[in-house]
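For reference, the structure is listed below as structure tokens.
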Amino acid sequence: MNERYVLDLQEVDETQVAIVGGKAAHLGALSRIDGIRVPAGFCVTTAAFRRIMAEAPSIDDRLDRLSRLKPDDREAIRSLSAEVRRTIEGIAIPGDVAAAITGALVQSGEQAAYAVRSSATAEDMPTASFAGQQDTYLNVVGPAAIVEHVSRCWASLFTERAVTYRLRNGFDHRKVQMAVVVQQMVFPDAAGILFTADPVTGNRKVATVDASFGLGEALVSGRVNPDVFTVRDGEVVARAVAAKQRAVHALPGGGTREVAIEPQRQEQPALTDAQVVRLVRLGRRIEAQVGRPQDIEWCLLDDDFHIVQSRPITTLFPIPVAPDRENHVYLSVGHQQMMTDPMKPLGFSMWQLTAMASMHEAGGRLFVDVTRHLASPASRAGFLELAGRSDPLTRDALETILDRGDFVPSLPDVGSGGPPVGGASAPIETDPAIVTELVERSQASIAALRRDIATLTGPALFDFLLEAFQEHKRVLSDPLNIQAIMAGMDATWWLNDRLREWLGEKNAADTLTLSAPGNVTSEMGLALLDVADVIRPHPEVVAFLRGVEDEGFLDELPKLAGGTEARDAIEAYLDRYGMRCVGEIDITRPRWRERPSTLVPVLLDNVRNFEPGAARRRFEQGRQEAQKKAQEVLVRLRALPDGVRKADETKRMIDRVRTFIGYREYPKYDIVSRYFVYKQALLQEAERLVRANVLPEREDVFYLTFQEFNDVVRSHQVDDTLIQQRKEAFRSYQALTPPRVLTSDGEVVGGAYRRDDVPTGALVGVPVSAGTIEGRARVILDIAQADLEPGDILVTAHTDPSWTPLFVAIAGLVTEVGGPMTHGAVIAREYGLPAVVSVVDATRLIRDGQRIRVHGSDGYVEILP
């Protein structure tokens, strides 16, 4: 094939990224937009880069070694990437490649000044910008110098920062290729960067302009502080004019130099307000054409703007798609479910189909639109109260939006328009038989699901599942189920509020709910201690488990002394809890039954750290502490004015909380039990598609929504490109931090703790389980990497029920997400662990191994010297 080594920018567009790289593809597309001026130029294509790489076979071995390095191995990356760069720069450019470059220069003007800029194929993409990873050379003059700088750009694909970026983001060094843009220089009066959305808040209606005198290099490199303009609705709403003491100017013979700006100009704005507004208008035109917010580099020459680069702003959190152009306020579902990781399309679509409230997806996360609750005066106060009990940061963020007065409309009270804001319609008797009945109903319904789904395949399976989802929702929305959940929560709040008022006790319910009966999640953690008791007496089994690397280990256990008993104990545990896993609201996550090796490290910790019978002793100790606390509280209450009434009411509430609080965890157990049944049936269907050569891999269905999966089963046709795009999007979503509160403008609204009762330097959070504990912080983001000692304090981003087995080995808990009634908090109270949740950036601010003090009653964490 006769490949072209040079293409004019006017010839390229965004369909040719593989040939010209991201930067050149965008510039070519920009040059076609009416009213957008792009400096003329050409692109040296990836075909030339491949020719160069083929001239040095020794590079192959170095690329293999580079790909095996860890992103944090800076010394090895520095050394090896420098070798690759030297090799590339040392290769003589083949004559036909050099001739193509110099031929293009003859057409454009040989002695003109040019910018020579890298344009990698994995660059300026919607999901990864690679900004600043490769090199740019300004004011390069003459054919020889330009050819030399093209070679330097090729080599810059292997700068230390570019190699590290690819390693961190999972890009294959071999699959990324380098083109080079050669563009006529603009010698501007001013230059800078335009963001068509606020890069800090994410607000898509706000644009920001950074501007300085001379070439934009001074601003991009951080050598000068720019003027900063904020534009909304076509007018400058804020400006900060900096003292610009230096600028970068071009030299006549090539290259650039830094010069001093005369004092009288230093504090003059680099742009007028009118120019700023005109620039933003150009940016909006580019944004509309490209379809997403842009980070744009611009130059101003003789009152004309030239665009020299435009790339997507990849750090913005996506906005849920709304059916109208009205203002909307969205709350994160993941913060309520203690799982803020992105979900794959099958995962979030299944949650949408089985959830009680309407949910909207963005960035692989789900959100609930709460605009109507905030707009209606009747529901607003109650909703804010419920939000505040769950998470003060969420309430503060919502109040921040409401305080603006112009974002949320004020609507008449016309019904809920969304999920209930809490509270059961009528109280129920404090009767343990109610819980027993609810559990029996759930188990009977799941048994029927297993029976009825067993023989179904193809379209009939999907038709059945849509009916099963209705049964799923019926069980969850059963008034008795909701009343039982709310009874335990309401009793907890009542006890905390009244006992603080009457006795000055903080969070008294934390002790009163220790070892509450019937909590399927806390029982799960204790049950793994019982499994450890079976394994501990058999040293061969323990030694074997230390070397487990794959999922076939259960079949190997019976070959060892004591192995049959060990296998039977683990199997029995998996029969009851094997449907659970980290991130269990996403049906695509591997369950413990599918990946039992996940439990082995925790099991070995239990064998090492505990004595036989620990589960029974621990539960009994908690029960006795709760009983003792109840007696103490009642005695103190009776000594108060009107004490008999207060004591009687409190006794009723203690009985009520111990009857119902354990059930708080059961509905989630019901949900994930059903999810595992759905998943097994869906994976069997996916296997049939693989056997029919419709899909290459079974797990590809995870990147289809439930309805798309249904369509593929019916048509036996699948869009491979769509699946690949979804995989890339999912990878990019993993780098995003989901907000608690998000607006339809794309603004991420962060709440704040309004507290002055916390020591200076302490990390503030929500107190969810009483007590103060001091110990070693173990910052753990992956349960499989847990290596805990007694007395350690677990610090993590969020915990769902699957983390409970770790709770038996720790002395305290700190999380970045959560509230008083989320799973981690409930289990921390049952186990008597001091806990503070919703501590922003806890896993970043607390280092693994540091000593910390957790104030579980007061809601803060101290980092100790």
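In the structure tokens, chains take the letters A, B, ... in the order shown, each chain's residues start at 1, and ligands count up from 1 in the order shown.
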For Asp13 (chain A), please output as number ranges by chain all residues within 7 Å (counting only C-alpha atoms; exclusion window: fewer than 6 positions along the same chain).
A: 25-26, 28-29
DSSP-assigned alpha helix (DSSP H) members of region 297-478 of chain A, reported as number ranges by chain:
A: 333-337, 345-354, 371-375, 377-390, 392-404, 432-453, 458-477
Can you pull out the residues contacting Ile91 (chain A)? Cut-off 8 Å, using only C-alpha atoms, and skip same-chain residues under 3 positions away; I want them as a PyMOL selection string.
chain A and resi 52+55-56+87-88
Within 12 Å of region 683-699 of chain A: each region 314-422 of chain A residue with its shortest pair, only C-alpha atoms, as a tab-separated table:
residue	atom	partner	partner_atom	distance
A:Lys344	CA	A:Glu699	CA	10.7
A:Pro345	CA	A:Glu699	CA	11.7
A:Leu346	CA	A:Glu699	CA	10.3
A:Gly347	CA	A:Glu699	CA	11.9
Could you please take those selected residues and save N, CA, C and O atoms as a CSV table (one decimal), in the first residue's frame?
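Produced file part_28.csv, reproduced below:
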chain,number,residue,atom,x,y,z
A,344,LYS,N,-21.1,-1.1,35.2
A,344,LYS,CA,-21.2,-1.4,33.7
A,344,LYS,C,-22.7,-1.3,33.3
A,344,LYS,O,-23.6,-1.4,34.1
A,345,PRO,N,-22.9,-1.2,32.0
A,345,PRO,CA,-24.3,-0.9,31.5
A,345,PRO,C,-25.3,-2.0,32.0
A,345,PRO,O,-26.4,-1.6,32.3
A,346,LEU,N,-25.0,-3.3,31.9
A,346,LEU,CA,-25.9,-4.3,32.4
A,346,LEU,C,-26.2,-4.0,33.9
A,346,LEU,O,-27.4,-4.2,34.3
A,347,GLY,N,-25.2,-3.7,34.6
A,347,GLY,CA,-25.4,-3.4,36.1
A,347,GLY,C,-26.3,-2.3,36.4
A,347,GLY,O,-27.3,-2.4,37.1
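Taking only C-alpha atoms into account, Glu505 (chain A) lies nearest to A:Val633 out of the set A:Ala375, A:Ala155, A:Val633, A:Ile827.
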With only C-alpha atoms as the counted atoms, please give the residues lying no more than 9 Å from region 302-315 of chain A, apart from itself and same-chain residues fewer than 2 positions off, as an NGL selection string.
:A and (22-24 or 26-27 or 30-31 or 36-39 or 123-129 or 131 or 183 or 186 or 188-189 or 195-197 or 199 or 202 or 275 or 279 or 282 or 286-287 or 290 or 292-300 or 317 or 732 or 735-736)
To test your reading of the structure, identify every residue in region 264-401 of chain A that backbone DSSP assigns to strand (DSSP E or B), and report it as an MDAnalysis selection string.
chainID A and resid 294:301 304:312 329:332 360:362 365:369
Counting only C-alpha atoms, figure out which residue out of A:Leu461, A:Ile587, A:Leu637, A:Ala615 gets nearest to Glu501 (chain A).
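Closest to Glu501 (chain A) of all the choices is A:Leu637.
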At a cut-off of 12 Å, using only C-alpha atoms, what residues contact Ala92 (chain A)? Leave out same-chain residues fewer than 2 positions from it and give the result as JSON, numbers by chain.
{"A": [51, 52, 53, 54, 55, 56, 87, 88, 89, 90, 94, 95, 96, 97, 98, 147, 148, 150, 151]}
Find the residues around Ala190 (chain A) up to 9 Å (only C-alpha atoms counted), leave out those fewer than 6 positions away in its own chain, and share them as a ChimeraX atom specification.
/A:211-216,270-271,298-301
Selection near region 648-659 of chain A, 10 Å with only C-alpha atoms, sequence-local residues under 6 positions removed, as a ChimeraX atom specification
/A:428-435,484,487-495,498-499,509,512-518,626-627,630-631,633-634,637-638
